[in-house]
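Engineer: Contents of data-v6.cif (mmCIF, C-alpha atoms) are below:
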```cif
data_query
#
loop_
_atom_site.label_atom_id
_atom_site.label_comp_id
_atom_site.auth_asym_id
_atom_site.auth_seq_id
_atom_site.Cartn_x
_atom_site.Cartn_y
_atom_site.Cartn_z
CA MET A 1 39.34 -231.94 33.24
CA SER A 2 40.33 -234.45 35.93
CA GLN A 3 39.20 -234.09 39.52
CA LYS A 4 41.65 -233.31 42.30
CA ASP A 5 42.61 -236.32 44.41
CA PRO A 6 40.62 -236.03 47.67
CA CYS A 7 43.59 -237.15 49.80
CA GLN A 8 46.32 -235.23 48.00
CA LYS A 9 46.63 -232.68 50.82
CA GLN A 10 47.32 -235.45 53.35
CA ALA A 11 49.80 -237.12 50.99
CA CYS A 12 51.71 -233.85 50.65
CA GLU A 13 51.72 -233.42 54.44
CA ILE A 14 53.27 -236.88 54.79
CA GLN A 15 56.03 -235.98 52.33
CA LYS A 16 56.77 -232.72 54.15
CA CYS A 17 56.85 -234.45 57.53
CA LEU A 18 59.14 -237.22 56.30
CA GLN A 19 61.56 -234.73 54.75
CA VAL A 20 61.71 -232.60 57.90
CA ASN A 21 62.24 -235.70 60.08
CA ASN A 22 64.86 -237.46 57.92
CA TYR A 23 62.32 -240.05 56.77
CA MET A 24 61.65 -241.44 60.24
CA GLU A 25 58.06 -242.69 59.96
CA SER A 26 57.64 -242.81 63.73
CA LYS A 27 57.89 -239.00 63.84
CA CYS A 28 55.04 -238.67 61.34
CA GLU A 29 52.47 -241.01 62.87
CA THR A 30 49.90 -238.22 63.25
CA VAL A 31 49.95 -237.27 59.56
CA LEU A 32 50.00 -240.93 58.54
CA GLN A 33 46.88 -241.50 60.65
CA GLU A 34 45.19 -238.51 58.98
CA MET A 35 45.93 -240.10 55.60
CA ARG A 36 44.44 -243.40 56.73
CA LYS A 37 41.29 -241.57 57.88
CA CYS A 38 41.00 -239.78 54.53
CA CYS A 39 41.48 -243.01 52.58
CA ALA A 40 38.83 -244.74 54.67
CA CYS A 41 36.31 -242.10 53.53
CA TYR A 42 36.62 -242.88 49.82
CA ALA A 43 35.85 -245.93 47.72
CA LYS A 44 38.78 -247.96 46.44
CA GLY A 45 40.19 -246.33 43.33
CA ARG A 46 38.80 -242.86 44.10
CA SER A 47 42.17 -241.63 45.40
CA ILE A 48 45.38 -242.68 43.69
CA CYS A 49 47.24 -241.38 46.75
CA CYS A 50 45.53 -244.07 48.85
CA SER A 51 46.66 -247.07 46.83
CA GLY A 52 49.55 -247.89 49.18
CA PHE A 53 47.44 -247.35 52.26
CA GLN A 54 44.71 -249.65 50.96
CA LYS A 55 47.29 -252.35 50.32
CA GLU A 56 48.68 -251.81 53.83
CA GLU A 57 45.19 -252.22 55.29
CA ARG A 58 44.57 -255.46 53.35
CA GLU A 59 47.89 -256.85 54.61
CA ARG A 60 47.04 -255.82 58.18
CA GLU A 61 43.64 -257.54 57.93
CA LYS A 62 45.23 -260.65 56.46
CA PHE A 63 47.79 -260.83 59.27
CA LYS A 64 45.12 -260.28 61.93
CA ALA A 65 42.86 -262.95 60.46
CA THR A 66 45.59 -265.55 60.16
CA SER A 67 46.86 -264.86 63.67
CA GLU A 68 43.32 -265.40 64.99
CA GLY A 69 42.86 -268.59 62.96
CA ILE A 70 40.15 -267.10 60.74
CA PRO A 71 40.20 -268.47 57.16
CA LEU A 72 40.57 -265.77 54.53
CA PRO A 73 38.00 -265.34 51.75
CA PRO A 74 39.26 -266.10 48.23
CA GLN A 75 40.39 -263.06 46.22
#
```
Could you take the file, read its structure, and then write that structure out as structure tokens?
Structural biologist:
Amino acid sequence: MSQKDPCQKQACEIQKCLQVNNYMESKCETVLQEMRKCCACYAKGRSICCSGFQKEEREREKFKATSEGIPLPPQ
């Protein structure tokens, strides 16, 4: 039996919020932030719902590092 995704509740809340607000992300910033907090609590790969948020975080870190002139580590 597979385990329930630990961030599934937050992912569902995002979907509900987006549907109610005609998919305007700016109206759902609170639930998006809750999802980011949940994803930060679990190791990579623990929550399939977090895969997009983890990619977003890597991109954000990459942008921040390059804008500050910090060389990125090889991946």
Engineer: Is there a way to get, as a short mmCIF file (atom, residue, chain, number, x, y, z; two decimals) with C-alpha atoms, in the coordinates of the input, all residues within 12 Å of the point (46.3, -239.8, 57.5) in file coordinates, counting all atoms listed in the file?
Structural biologist:
```cif
data_model
loop_
_atom_site.label_atom_id
_atom_site.label_comp_id
_atom_site.auth_asym_id
_atom_site.auth_seq_id
_atom_site.Cartn_x
_atom_site.Cartn_y
_atom_site.Cartn_z
CA PRO A 6 40.62 -236.03 47.67
CA CYS A 7 43.59 -237.15 49.80
CA GLN A 8 46.32 -235.23 48.00
CA LYS A 9 46.63 -232.68 50.82
CA GLN A 10 47.32 -235.45 53.35
CA ALA A 11 49.80 -237.12 50.99
CA CYS A 12 51.71 -233.85 50.65
CA GLU A 13 51.72 -233.42 54.44
CA ILE A 14 53.27 -236.88 54.79
CA GLN A 15 56.03 -235.98 52.33
CA CYS A 17 56.85 -234.45 57.53
CA CYS A 28 55.04 -238.67 61.34
CA GLU A 29 52.47 -241.01 62.87
CA THR A 30 49.90 -238.22 63.25
CA VAL A 31 49.95 -237.27 59.56
CA LEU A 32 50.00 -240.93 58.54
CA GLN A 33 46.88 -241.50 60.65
CA GLU A 34 45.19 -238.51 58.98
CA MET A 35 45.93 -240.10 55.60
CA ARG A 36 44.44 -243.40 56.73
CA LYS A 37 41.29 -241.57 57.88
CA CYS A 38 41.00 -239.78 54.53
CA CYS A 39 41.48 -243.01 52.58
CA ALA A 40 38.83 -244.74 54.67
CA CYS A 41 36.31 -242.10 53.53
CA CYS A 49 47.24 -241.38 46.75
CA CYS A 50 45.53 -244.07 48.85
CA PHE A 53 47.44 -247.35 52.26
CA GLN A 54 44.71 -249.65 50.96
#
```
Engineer: Counting all atoms listed in the file, figure out which residue out of A:Ile48, A:Thr66, A:Leu18, A:Glu59 gets nearest to Lys4 of chain A.
Structural biologist: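 Once distances to Lys4 of chain A are computed over all atoms listed in the file, the minimum belongs to A:Ile48.
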Engineer: Report, as lines of an AutoDock Vina configuration file, the centre and edge lengths in Å (one decimal) of the axis-aligned box enclosing every listed atom of segment 41-51 of chain A, padded by 5 Å on each side.
Structural biologist:
```
center_x = 41.5
center_y = -244.7
center_z = 48.4
size_x = 21.4
size_y = 16.6
size_z = 20.2
```
Engineer: For atom CA of Asn22 of chain A and atom CA of Gly52 of chain A, quote the distance in Å rounded to one decimal.
Structural biologist: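 So the two atoms, atom CA of Asn22 of chain A and atom CA of Gly52 of chain A, lie 20.5 Å apart.
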